[in-house]
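Participant: File input-v5.pdb follows (PDB, C-alpha atoms):
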ATOM      1  CA  LEU R   1       3.778  -5.886   8.601
ATOM      2  CA  ARG R   2       3.304  -3.840   5.437
ATOM      3  CA  VAL R   3       6.110  -2.042   3.590
ATOM      4  CA  THR R   4       6.180   1.599   2.491
ATOM      5  CA  MET R   5       8.461   4.188   0.944
ATOM      6  CA  LEU R   6       6.560   7.010   2.664
ATOM      7  CA  TYR R   7       8.381   6.585   5.998
ATOM      8  CA  ASN R   8      12.029   6.349   6.968
ATOM      9  CA  ASN R   9      11.523   4.658  10.311
ATOM     10  CA  THR R  10       9.552   1.498  10.961
ATOM     11  CA  ARG R  11       6.239   2.198  12.682
ATOM     12  CA  VAL R  12       4.151  -0.231  14.749
ATOM     13  CA  ARG R  13       0.864   0.572  16.449
ATOM     14  CA  ASN R  14       0.801   0.603  20.238
ATOM     15  CA  GLY R  15      -0.932  -2.598  21.317
ATOM     16  CA  ARG R  16      -2.915  -0.635  23.902
ATOM     17  CA  ASP R  17      -4.958   0.884  21.056
ATOM     18  CA  CYS R  18      -6.308  -2.587  20.323
ATOM     19  CA  SER R  19      -6.666  -3.813  23.905
ATOM     20  CA  TYR R  20     -10.368  -3.187  24.234
ATOM     21  CA  GLY R  21     -13.496  -5.287  23.987
ATOM     22  CA  ASN R  22     -13.074  -9.006  23.388
ATOM     23  CA  GLU R  23     -10.436 -11.060  21.601
ATOM     24  CA  THR R  24     -12.283 -10.751  18.295
ATOM     25  CA  ALA R  25     -12.219  -6.948  18.434
ATOM     26  CA  GLU R  26      -8.528  -6.972  19.323
ATOM     27  CA  THR R  27      -7.639  -9.305  16.450
ATOM     28  CA  GLY R  28      -9.581  -7.128  14.022
ATOM     29  CA  CYS R  29      -7.859  -3.977  15.263
ATOM     30  CA  VAL R  30      -4.418  -5.542  14.845
ATOM     31  CA  GLY R  31      -5.240  -6.620  11.301
ATOM     32  CA  ALA R  32      -6.592  -3.223  10.305
ATOM     33  CA  SER R  33      -3.545  -1.517  11.809
ATOM     34  CA  GLY R  34      -1.002  -3.513   9.815
ATOM     35  CA  SER R  35       0.434  -4.869  13.081
ATOM     36  CA  SER R  36       0.688  -3.860  16.728
ATOM     37  CA  PHE R  37       3.286  -3.974  19.481
ATOM     38  CA  LYS R  38       2.685  -4.411  23.192
ATOM     39  CA  ILE R  39       5.578  -2.669  24.880
ATOM     40  CA  GLU R  40       4.823  -4.289  28.221
ATOM     41  CA  ASP R  41       5.334  -7.755  26.689
ATOM     42  CA  SER R  42       8.871  -6.970  25.477
ATOM     43  CA  ASN R  43      11.900  -7.443  27.732
ATOM     44  CA  THR R  44      14.223  -5.732  25.263
ATOM     45  CA  PHE R  45      12.403  -2.527  24.282
ATOM     46  CA  GLN R  46      14.261   0.637  25.261
ATOM     47  CA  LYS R  47      12.650   4.046  25.035
ATOM     48  CA  ALA R  48      14.889   6.727  23.552
ATOM     49  CA  PRO R  49      15.322   9.938  25.583
ATOM     50  CA  PRO R  50      13.609  12.952  23.927
ATOM     51  CA  GLY R  51      15.735  14.285  21.076
ATOM     52  CA  GLU R  52      18.263  11.450  21.312
ATOM     53  CA  TRP R  53      16.743   8.822  19.040
ATOM     54  CA  LYS R  54      19.618   7.598  16.852
ATOM     55  CA  VAL R  55      18.199   7.719  13.315
ATOM     56  CA  ASN R  56      19.232   9.714  10.246
ATOM     57  CA  THR R  57      15.938  11.573  10.085
ATOM     58  CA  THR R  58      12.568  11.601  11.815
ATOM     59  CA  ASP R  59       9.252  11.366  10.000
ATOM     60  CA  PRO R  60       6.401  13.878  10.267
ATOM     61  CA  HIS R  61       3.457  12.812  12.390
ATOM     62  CA  ASP R  62      -0.261  13.412  12.519
ATOM     63  CA  PRO R  63      -0.916  15.904  15.362
ATOM     64  CA  ALA R  64      -3.399  13.423  16.830
ATOM     65  CA  GLU R  65      -0.749  10.701  17.159
ATOM     66  CA  THR R  66       1.223   9.895  20.269
ATOM     67  CA  ILE R  67       4.696   8.570  19.436
ATOM     68  CA  LEU R  68       7.205   6.606  21.502
ATOM     69  CA  ASP R  69      10.628   6.370  19.857
ATOM     70  CA  GLY R  70      12.844   3.512  20.895
ATOM     71  CA  TYR R  71      14.767   0.360  20.060
ATOM     72  CA  ASP R  72      14.129  -3.351  20.250
ATOM     73  CA  THR R  73      15.494  -6.594  18.843
ATOM     74  CA  ALA R  74      14.010  -7.419  15.443
ATOM     75  CA  LYS R  75      13.924 -10.875  13.891
ATOM     76  CA  PHE R  76      13.420 -11.450  10.166
ATOM     77  CA  ASN R  77      13.551 -14.596   8.095
ATOM     78  CA  GLY R  78      16.877 -15.109   6.357
ATOM     79  CA  ILE R  79      19.000 -12.589   8.271
ATOM     80  CA  PRO R  80      20.427 -12.472  11.802
ATOM     81  CA  GLU R  81      18.408 -10.642  14.436
ATOM     82  CA  ILE R  82      18.946  -6.894  14.549
ATOM     83  CA  VAL R  83      19.763  -5.516  17.985
ATOM     84  CA  ASP R  84      18.814  -1.897  18.781
ATOM     85  CA  PHE R  85      16.438  -1.778  15.826
ATOM     86  CA  PRO R  86      14.800   1.709  15.722
ATOM     87  CA  ILE R  87      11.002   1.670  15.841
ATOM     88  CA  GLU R  88       8.231   4.193  16.360
ATOM     89  CA  VAL R  89       5.378   2.957  18.501
ATOM     90  CA  TRP R  90       2.402   5.064  17.451
ATOM     91  CA  SER R  91      -0.985   5.515  19.031
ATOM     92  CA  ASN R  92      -4.086   7.077  17.513
ATOM     93  CA  LEU R  93      -7.563   5.753  18.279
ATOM     94  CA  LYS R  94      -9.053   7.331  15.143
ATOM     95  CA  THR R  95      -6.896   5.821  12.426
ATOM     96  CA  ASN R  96      -5.653   2.479  11.110
ATOM     97  CA  ASN R  97      -3.198   1.171   8.541
ATOM     98  CA  LYS R  98      -0.049   3.079   9.474
ATOM     99  CA  SER R  99       2.175   0.264  10.707
ATOM    100  CA  ALA R 100       4.882  -0.562   8.177
ATOM    101  CA  LEU R 101       8.477  -1.525   7.548
ATOM    102  CA  ALA R 102       9.935   1.787   6.359
ATOM    103  CA  LEU R 103      11.904   1.867   3.093
ATOM    104  CA  GLY R 104      12.189   5.620   2.562
ATOM    105  CA  PRO R 105      15.414   7.315   1.354
ATOM    106  CA  GLU R 106      16.788   7.452   4.924
ATOM    107  CA  SER R 107      15.454   4.055   5.986
ATOM    108  CA  SER R 108      16.867   3.162   9.388
ATOM    109  CA  PHE R 109      16.086  -0.514   8.638
ATOM    110  CA  ILE R 110      18.244  -0.560   5.493
ATOM    111  CA  GLN R 111      20.953   1.519   7.198
ATOM    112  CA  LYS R 112      21.123  -1.070   9.988
ATOM    113  CA  LEU R 113      21.679  -3.851   7.446
ATOM    114  CA  VAL R 114      24.422  -1.839   5.734
ATOM    115  CA  ASP R 115      26.119  -1.104   9.075
ATOM    116  CA  MET R 116      25.987  -4.822   9.929
ATOM    117  CA  GLY R 117      27.622  -5.683   6.600
ATOM    118  CA  ARG R 118      24.669  -7.862   5.622
ATOM    119  CA  VAL R 119      23.825  -6.143   2.323
ATOM    120  CA  PRO R 120      26.113  -4.703  -0.385
ATOM    121  CA  SER R 121      24.079  -1.525  -1.003
ATOM    122  CA  LYS R 122      20.890   0.351  -0.164
ATOM    123  CA  VAL R 123      19.276  -0.583  -3.461
ATOM    124  CA  PHE R 124      16.168  -2.686  -2.928
ATOM    125  CA  SER R 125      13.428  -4.384  -4.909
ATOM    126  CA  ILE R 126       9.872  -5.360  -4.116
ATOM    127  CA  PHE R 127       7.899  -8.170  -5.637
ATOM    128  CA  PHE R 128       4.640  -7.453  -3.862
ATOM    129  CA  GLY R 129       3.007 -10.811  -4.424
ATOM    130  CA  SER R 130      -0.776 -10.948  -4.310
ATOM    131  CA  ARG R 131      -3.696 -10.804  -1.889
ATOM    132  CA  SER R 132      -5.981 -12.232  -4.574
ATOM    133  CA  GLN R 133      -8.728 -14.439  -3.189
ATOM    134  CA  THR R 134      -8.073 -17.146  -5.784
ATOM    135  CA  ARG R 135      -4.388 -16.664  -6.669
ATOM    136  CA  ALA R 136      -2.696 -15.380  -3.527
ATOM    137  CA  ARG R 137       1.091 -15.342  -3.703
ATOM    138  CA  ASP R 138       3.868 -14.485  -1.257
ATOM    139  CA  GLY R 139       5.874 -11.360  -1.950
ATOM    140  CA  LEU R 140       9.633 -10.849  -1.773
ATOM    141  CA  LEU R 141      11.693  -7.913  -0.490
ATOM    142  CA  THR R 142      15.331  -7.966  -1.607
ATOM    143  CA  ILE R 143      17.859  -5.535  -0.099
ATOM    144  CA  GLY R 144      21.017  -4.952  -2.145
ATOM    145  CA  GLY R 145      19.624  -5.791  -5.581
ATOM    146  CA  TYR R 146      16.806  -7.747  -7.185
ATOM    147  CA  PRO R 147      16.003 -11.432  -7.852
ATOM    148  CA  LYS R 148      16.856 -11.904 -11.521
ATOM    149  CA  ALA R 149      14.738 -15.042 -11.794
ATOM    150  CA  TYR R 150      11.595 -12.982 -11.151
ATOM    151  CA  VAL R 151      12.318 -10.588 -13.999
ATOM    152  CA  ALA R 152      14.102 -12.911 -16.479
ATOM    153  CA  ASP R 153      14.651 -11.002 -19.734
ATOM    154  CA  LYS R 154      11.851  -8.485 -19.262
ATOM    155  CA  PRO R 155      12.977  -4.880 -19.840
ATOM    156  CA  TRP R 156      13.190  -2.310 -17.050
ATOM    157  CA  THR R 157      11.562   1.096 -17.463
ATOM    158  CA  ASN R 158      13.241   3.907 -15.512
ATOM    159  CA  PHE R 159      11.655   6.815 -13.648
ATOM    160  CA  SER R 160      12.992   9.758 -11.642
ATOM    161  CA  ILE R 161      12.595   9.725  -7.873
ATOM    162  CA  ASN R 162      10.793  12.712  -6.342
ATOM    163  CA  ALA R 163       9.744  14.003  -9.760
ATOM    164  CA  GLY R 164       7.639  16.723  -8.153
ATOM    165  CA  TYR R 165       4.422  16.241 -10.112
ATOM    166  CA  SER R 166       2.540  16.944  -6.882
ATOM    167  CA  ALA R 167       3.390  18.876  -3.726
ATOM    168  CA  SER R 168       2.103  15.936  -1.694
ATOM    169  CA  PHE R 169       4.885  13.886  -0.137
ATOM    170  CA  CYS R 170       5.785  10.810  -2.162
ATOM    171  CA  GLN R 171       9.194   9.745  -3.465
ATOM    172  CA  LEU R 172       7.866   7.549  -6.287
ATOM    173  CA  GLN R 173       5.661   9.855  -8.339
ATOM    174  CA  VAL R 174       4.434   9.171 -11.875
ATOM    175  CA  LEU R 175       1.905  10.726 -14.245
ATOM    176  CA  LEU R 176      -1.209   8.856 -15.343
ATOM    177  CA  ARG R 177      -2.062   9.213 -19.026
ATOM    178  CA  ASP R 178      -5.128   6.983 -18.894
ATOM    179  CA  VAL R 179      -6.986   4.501 -16.700
ATOM    180  CA  ARG R 180      -9.526   2.235 -18.402
ATOM    181  CA  ILE R 181     -12.095  -0.223 -17.097
ATOM    182  CA  THR R 182     -12.865  -3.131 -19.432
ATOM    183  CA  PHE R 183     -16.134  -5.075 -19.417
ATOM    184  CA  SER R 184     -16.378  -8.830 -19.957
ATOM    185  CA  ASN R 185     -17.694  -8.171 -23.497
ATOM    186  CA  GLY R 186     -14.394  -6.455 -24.369
ATOM    187  CA  THR R 187     -15.551  -2.838 -24.412
ATOM    188  CA  SER R 188     -13.444  -0.406 -22.379
ATOM    189  CA  HIS R 189     -14.015   3.074 -21.008
ATOM    190  CA  SER R 190     -11.607   5.716 -19.731
ATOM    191  CA  LEU R 191     -11.961   7.140 -16.234
ATOM    192  CA  PHE R 192     -10.589  10.437 -17.581
ATOM    193  CA  THR R 193     -13.136  13.082 -18.523
ATOM    194  CA  ASP R 194     -10.335  15.058 -20.243
ATOM    195  CA  PRO R 195      -8.219  12.847 -22.573
ATOM    196  CA  SER R 196      -5.378  15.388 -22.520
ATOM    197  CA  ALA R 197      -5.109  15.416 -18.721
ATOM    198  CA  ARG R 198      -2.114  14.014 -16.876
ATOM    199  CA  ILE R 199      -2.839  13.062 -13.271
ATOM    200  CA  PRO R 200      -0.047  12.681 -10.656
ATOM    201  CA  ALA R 201       0.085   9.370  -8.821
ATOM    202  CA  CYS R 202       2.161   7.833  -6.032
ATOM    203  CA  ILE R 203       3.415   4.252  -6.157
ATOM    204  CA  ASP R 204       3.337   2.831  -2.637
ATOM    205  CA  PRO R 205       2.007  -0.447  -1.188
ATOM    206  CA  LEU R 206       1.048   0.789   2.291
ATOM    207  CA  LYS R 207      -2.522   0.512   1.042
ATOM    208  CA  ASN R 208      -3.647  -2.283  -1.234
ATOM    209  CA  PRO R 209      -6.317  -0.745  -3.529
ATOM    210  CA  PHE R 210      -6.120   2.025  -6.091
ATOM    211  CA  ILE R 211      -7.114   5.394  -4.664
ATOM    212  CA  PHE R 212      -8.433   7.776  -7.299
ATOM    213  CA  SER R 213      -9.726  11.330  -7.358
ATOM    214  CA  LYS R 214     -13.395  11.983  -6.718
ATOM    215  CA  ALA R 215     -13.944  12.705 -10.420
ATOM    216  CA  MET R 216     -12.290   9.456 -11.525
ATOM    217  CA  SER R 217     -14.059   7.462  -8.825
ATOM    218  CA  ASP R 218     -17.451   8.946  -9.700
ATOM    219  CA  ARG R 219     -16.951   7.918 -13.311
ATOM    220  CA  PHE R 220     -15.876   4.426 -12.236
ATOM    221  CA  LEU R 221     -18.970   4.073 -10.041
ATOM    222  CA  SER R 222     -21.176   5.232 -12.899
ATOM    223  CA  LEU R 223     -19.626   2.930 -15.507
ATOM    224  CA  THR R 224     -19.836  -0.067 -13.191
ATOM    225  CA  GLU R 225     -23.445   0.713 -12.170
ATOM    226  CA  HIS R 226     -22.781   0.960  -8.458
ATOM    227  CA  ALA R 227     -25.660   0.057  -6.164
ATOM    228  CA  PHE R 228     -25.957   3.181  -4.013
ATOM    229  CA  ASN R 229     -29.725   3.122  -4.432
ATOM    230  CA  VAL R 230     -30.166  -0.549  -3.587
ATOM    231  CA  THR R 231     -31.923  -0.919  -0.243
ATOM    232  CA  ASP R 232     -30.248  -4.160   0.869
ATOM    233  CA  GLU R 233     -28.796  -4.278   4.358
ATOM    234  CA  PRO R 234     -26.075  -3.586   5.122
ATOM    235  CA  ALA R 235     -25.797  -0.764   2.593
ATOM    236  CA  PHE R 236     -23.225  -1.062  -0.170
ATOM    237  CA  ASP R 237     -20.125   1.062   0.375
ATOM    238  CA  VAL R 238     -17.987   2.498  -2.444
ATOM    239  CA  ARG R 239     -16.060  -0.758  -2.902
ATOM    240  CA  THR R 240     -18.861  -3.328  -2.682
ATOM    241  CA  TYR R 241     -21.362  -4.380  -5.378
ATOM    242  CA  PRO R 242     -23.998  -6.995  -6.086
ATOM    243  CA  ALA R 243     -22.356 -10.001  -7.755
ATOM    244  CA  SER R 244     -24.489  -9.282 -10.831
ATOM    245  CA  LYS R 245     -22.220  -6.314 -11.669
ATOM    246  CA  GLU R 246     -19.036  -8.373 -11.874
ATOM    247  CA  HIS R 247     -19.143  -8.470 -15.687
ATOM    248  CA  LEU R 248     -18.584  -4.698 -15.720
ATOM    249  CA  MET R 249     -15.144  -5.069 -14.108
ATOM    250  CA  GLU R 250     -13.164  -7.578 -16.173
ATOM    251  CA  ASN R 251      -9.832  -5.751 -15.813
ATOM    252  CA  LEU R 252      -8.293  -2.324 -15.275
ATOM    253  CA  THR R 253      -5.621  -0.842 -17.539
ATOM    254  CA  VAL R 254      -3.245   1.828 -16.181
ATOM    255  CA  VAL R 255      -1.166   3.803 -18.686
ATOM    256  CA  LEU R 256       1.603   6.133 -17.494
ATOM    257  CA  SER R 257       2.722   9.253 -19.368
ATOM    258  CA  ASN R 258       5.691   7.450 -20.940
ATOM    259  CA  GLY R 259       3.450   4.664 -22.229
ATOM    260  CA  TYR R 260       4.294   2.095 -19.528
ATOM    261  CA  THR R 261       1.150  -0.008 -19.317
ATOM    262  CA  THR R 262      -0.124  -2.341 -16.609
ATOM    263  CA  VAL R 263      -3.231  -4.499 -16.915
ATOM    264  CA  ILE R 264      -4.772  -5.509 -13.599
ATOM    265  CA  PRO R 265      -6.453  -8.887 -14.189
ATOM    266  CA  HIS R 266      -9.923  -9.737 -12.951
ATOM    267  CA  TYR R 267      -8.668 -11.937 -10.100
ATOM    268  CA  GLU R 268      -6.698  -9.007  -8.653
ATOM    269  CA  LEU R 269      -9.375  -6.389  -9.262
ATOM    270  CA  ILE R 270     -12.348  -8.316  -7.849
ATOM    271  CA  SER R 271     -12.979 -10.630  -4.906
ATOM    272  CA  GLN R 272     -15.908 -11.605  -2.769
ATOM    273  CA  TRP R 273     -16.633  -9.028  -0.094
ATOM    274  CA  ARG R 274     -13.847  -9.444   2.447
ATOM    275  CA  GLY R 275     -13.036  -7.791   5.754
ATOM    276  CA  THR R 276     -12.844  -8.487   9.478
ATOM    277  CA  ASP R 277     -15.103 -11.454  10.204
ATOM    278  CA  LYS R 278     -16.838 -12.507  13.430
ATOM    279  CA  GLU R 279     -13.588 -14.041  14.697
ATOM    280  CA  GLY R 280     -11.654 -10.844  14.062
ATOM    281  CA  LYS R 281      -9.849 -12.404  11.100
ATOM    282  CA  TYR R 282      -9.666 -11.233   7.493
ATOM    283  CA  GLY R 283     -12.124 -13.324   5.523
ATOM    284  CA  VAL R 284     -15.225 -13.418   3.322
ATOM    285  CA  LEU R 285     -18.116 -11.439   4.822
ATOM    286  CA  ASN R 286     -20.761 -12.034   2.166
ATOM    287  CA  GLU R 287     -20.517 -14.475  -0.738
ATOM    288  CA  SER R 288     -23.313 -12.745  -2.677
ATOM    289  CA  ARG R 289     -21.385  -9.468  -2.889
ATOM    290  CA  ILE R 290     -18.158  -8.538  -4.615
ATOM    291  CA  MET R 291     -15.485  -6.023  -3.644
ATOM    292  CA  VAL R 292     -13.369  -4.002  -6.071
ATOM    293  CA  ALA R 293      -9.828  -2.724  -5.450
ATOM    294  CA  VAL R 294     -10.736   0.886  -6.257
ATOM    295  CA  GLU R 295     -11.785   3.631  -3.851
ATOM    296  CA  PRO R 296     -12.025   7.446  -3.828
ATOM    297  CA  ASP R 297      -9.739   9.654  -1.785
ATOM    298  CA  GLU R 298     -11.986  11.334   0.752
ATOM    299  CA  ARG R 299      -9.429  14.135   1.103
ATOM    300  CA  ASP R 300      -9.778  15.211  -2.547
ATOM    301  CA  THR R 301     -11.117  18.750  -2.448
ATOM    302  CA  GLY R 302     -10.811  19.444  -6.148
ATOM    303  CA  ASP R 303      -8.139  22.109  -5.614
ATOM    304  CA  GLY R 304      -5.935  20.583  -8.321
ATOM    305  CA  ASP R 305      -3.165  19.154  -6.132
ATOM    306  CA  PHE R 306      -4.479  15.602  -5.948
ATOM    307  CA  LEU R 307      -2.197  12.559  -5.817
ATOM    308  CA  ALA R 308      -3.686   9.208  -6.824
ATOM    309  CA  ILE R 309      -2.321   6.072  -5.137
ATOM    310  CA  LEU R 310      -1.146   3.006  -7.049
ATOM    311  CA  GLY R 311      -1.053   0.525  -4.182
ATOM    312  CA  GLY R 312      -0.360  -3.134  -3.632
ATOM    313  CA  VAL R 313      -2.711  -4.313  -6.372
ATOM    314  CA  TYR R 314      -0.730  -2.261  -8.910
ATOM    315  CA  LEU R 315       2.561  -3.712  -7.690
ATOM    316  CA  SER R 316       1.121  -7.230  -7.894
ATOM    317  CA  GLN R 317       1.792  -6.911 -11.633
ATOM    318  CA  ASN R 318       5.163  -5.121 -11.477
ATOM    319  CA  MET R 319       8.611  -5.681 -10.017
ATOM    320  CA  LEU R 320       9.837  -2.468  -8.386
ATOM    321  CA  LEU R 321      13.543  -1.547  -8.098
ATOM    322  CA  VAL R 322      14.526   1.542  -6.072
ATOM    323  CA  ASN R 323      17.937   3.242  -6.110
ATOM    324  CA  TYR R 324      17.883   6.434  -4.040
ATOM    325  CA  MET R 325      21.599   7.031  -4.614
ATOM    326  CA  ARG R 326      21.022   7.379  -8.366
ATOM    327  CA  ASN R 327      17.685   9.133  -7.859
ATOM    328  CA  THR R 328      15.891   6.538  -9.981
ATOM    329  CA  PHE R 329      13.369   3.764  -9.631
ATOM    330  CA  SER R 330      12.489   1.162 -12.221
ATOM    331  CA  MET R 331       9.642  -1.217 -12.982
ATOM    332  CA  ALA R 332       9.412  -4.419 -14.967
ATOM    333  CA  PRO R 333       6.197  -6.335 -15.701
TER
END
Translate the structure described by the file into structure tokens.
Facilitator:
Amino acid sequence: LRVTMLYNNTRVRNGRDCSYGNETAETGCVGASGSSFKIEDSNTFQKAPPGEWKVNTTDPHDPAETILDGYDTAKFNGIPEIVDFPIEVWSNLKTNNKSALALGPESSFIQKLVDMGRVPSKVFSIFFGSRSQTRARDGLLTIGGYPKAYVADKPWTNFSINAGYSASFCQLQVLLRDVRITFSNGTSHSLFTDPSARIPACIDPLKNPFIFSKAMSDRFLSLTEHAFNVTDEPAFDVRTYPASKEHLMENLTVVLSNGYTTVIPHYELISQWRGTDKEGKYGVLNESRIMVAVEPDERDTGDGDFLAILGGVYLSQNMLLVNYMRNTFSMAP
């Protein structure tokens, strides 16, 4: 189950969305969805009557989604099971990747832990870990503080929550001052066509890759010599390349408006082409192709109110500390 600050209530996809075809198709659907929940297999799920779901706030929904609000017993490692844990069971046959443990400002998950007396405060930290193909690492979510051993004596840099750089909903907004791709020969190139521009971005790990504007993505594709015109089958999508282009993506440097700089190393930026394999599991699909953790936002219309996404790959290099009560969040490398 992924984590996100975009929602306040934990969301899990209705298992019926994935109950089609064979076992391989079902496994792939569950993986792409972030998780799924079969209500009929639970003896403890209770549907909440309309308008009587006991949470501090409800989240907005896509009009195409069908939502069942309710409660069940949740079990996590390291803490006692949570009875009457609020969850949204969502259903939408046209979308994936919306199941997540919700850590928004009115998180019903964190509120439950506070009410149970299991955590001292609503402050939380995320060490995202890594989905790197060669250096994968478990992440760590800490409610009530942060693990000092992970940060040691590294300095924290503070940011304001809900800074309002974009009208798009995101609590953890920052401004990008520059994003640079570095080649293996050491030369680097900015993805900004206007050096004076400042581009709003949202820090959230619901999605793993960076999601950039069409203009930034087009420049990235040009600099990295993307293979749109190559006639190999299957066709290359915006994230996949011939392995021969790997030297053009040594690392990615992200600079925020206050100078806070993160370098995404090669092993986080690049992997072999991975996805849902023939068994429905996440694995390598083609060893002769590489996949980059950068993609364009298909919703970018160029109207000026674009919000880039700094996803899980960005947080693989940063510890994140969130304090909604003080209206601040902090990062440490």
Participant: Would you pick out the contacts of Asp178 in chain R at 9 Å or less, using all atoms listed in the file, so that residues sharing its chain but fewer than 2 positions from it are not included, and give the list as a list of chain:residue names?
Facilitator: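 Contacts, in chain order: R:Leu176, R:Arg180, R:Ser190, R:Leu191, R:Phe192, R:Pro195, R:Ala197, R:Arg198, R:Ile199, R:Thr253, R:Val254, R:Val255, R:Leu256, R:Ser257.
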Participant: Under the PyMOL selection byres ((chain R and resi 246-252) around 8), which residues of this model are included? Write them out as a list in words.
Facilitator: Val179, Arg180, Ile181, Thr182, Phe183, Ser184, Asn185, Leu223, Thr224, Tyr241, Pro242, Ala243, Ser244, Lys245, Thr253, Val254, Val263, Ile264, Pro265, His266, Leu269, Ile270 and Ile290 of chain R
Participant: Extract, using only C-alpha atoms, all DNA, RNA and protein residues at most 10 Å from Arg137 in chain R, discarding same-chain residues fewer than 5 positions from it, and format them as a PyMOL selection string.
Facilitator: chain R and resi 128-132+316
Participant: So what does the PyMOL selection byres ((chain R and resi 109) around 12) actually pick up in this one, as a ChimeraX atom specification?
Facilitator: /R:3-5,7-11,55-56,71,73-76,81-88,100-108,110-116,118-119,122,124,143
Participant: Taking only C-alpha atoms into account, which of R:Gln133, R:Ser330, R:Ser33, R:Met319 comes nearest Ala152 in chain R?
Facilitator: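 Answer, going by the shortest atom-to-atom distance: R:Met319.
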Participant: If I wrap all listed atoms of range 72-89 of chain R in a box with edges along x, y and z and add 3 Å on each side, what are its centre and edge lengths in Å to one decimal, as JSON?
Facilitator:
{"center_x": 12.9, "center_y": -5.5, "center_z": 13.3, "size_x": 21.0, "size_y": 25.3, "size_z": 19.9}
Participant: Quick one: of R:Val230, R:Leu285, R:Ala201, R:Cys18, who's nearest to Ser36 in chain R, counting only C-alpha atoms?
Facilitator: R:Cys18
Participant: I'd like to know which of R:Asn286, R:Thr301, R:Thr134, R:Ser99 is closest to Gly31 in chain R, using only C-alpha atoms.
Facilitator: R:Ser99
Participant: Could you please determine the separation between CA of Ala227 in chain R and CA of Ala215 in chain R in Å, to one decimal place?
Facilitator: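 The value is 17.8 Å.
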Participant: Mind giving me the straight-line distance from CA of Pro200 in chain R to CA of Cys170 in chain R in Å, one decimal?
Facilitator: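 Result for CA of Pro200 in chain R versus CA of Cys170 in chain R: 10.5 Å, one decimal.
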Participant: To one decimal place, how far is CA of Phe159 in chain R from CA of Leu315 in chain R in Å?
Facilitator: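 Atom-to-atom, CA of Phe159 in chain R to CA of Leu315 in chain R, that is 15.1 Å.
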Participant: Which residue, R:Gly164, R:Arg289, R:Thr27, R:Leu321, has the smallest gap to Asp232 in chain R when you use all atoms listed in the file?
Facilitator: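 Distance minimum relative to Asp232 in chain R lands on R:Arg289.
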Participant: With a distance cut-off of 8 Å and all atoms listed in the file, select the neighbouring residues of Gln171 in chain R, excluding the residue or stretch itself and same-chain residues fewer than 2 positions from it, and output the selection as a list in words.
Facilitator: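 The residues satisfying every condition are Met5, Leu6, Gly104, Ile161, Asn162, Ala163, Phe169, Gln173 and Cys202 of chain R.
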Participant: Residues proximal to (-5.1, -0.9, -4.2) were defined as those with any atom within 7 Å of that point in the file's coordinates, counting only C-alpha atoms. Which are they, as a PyMOL selection string?
Facilitator: chain R and resi 207-211+293-294+310-314
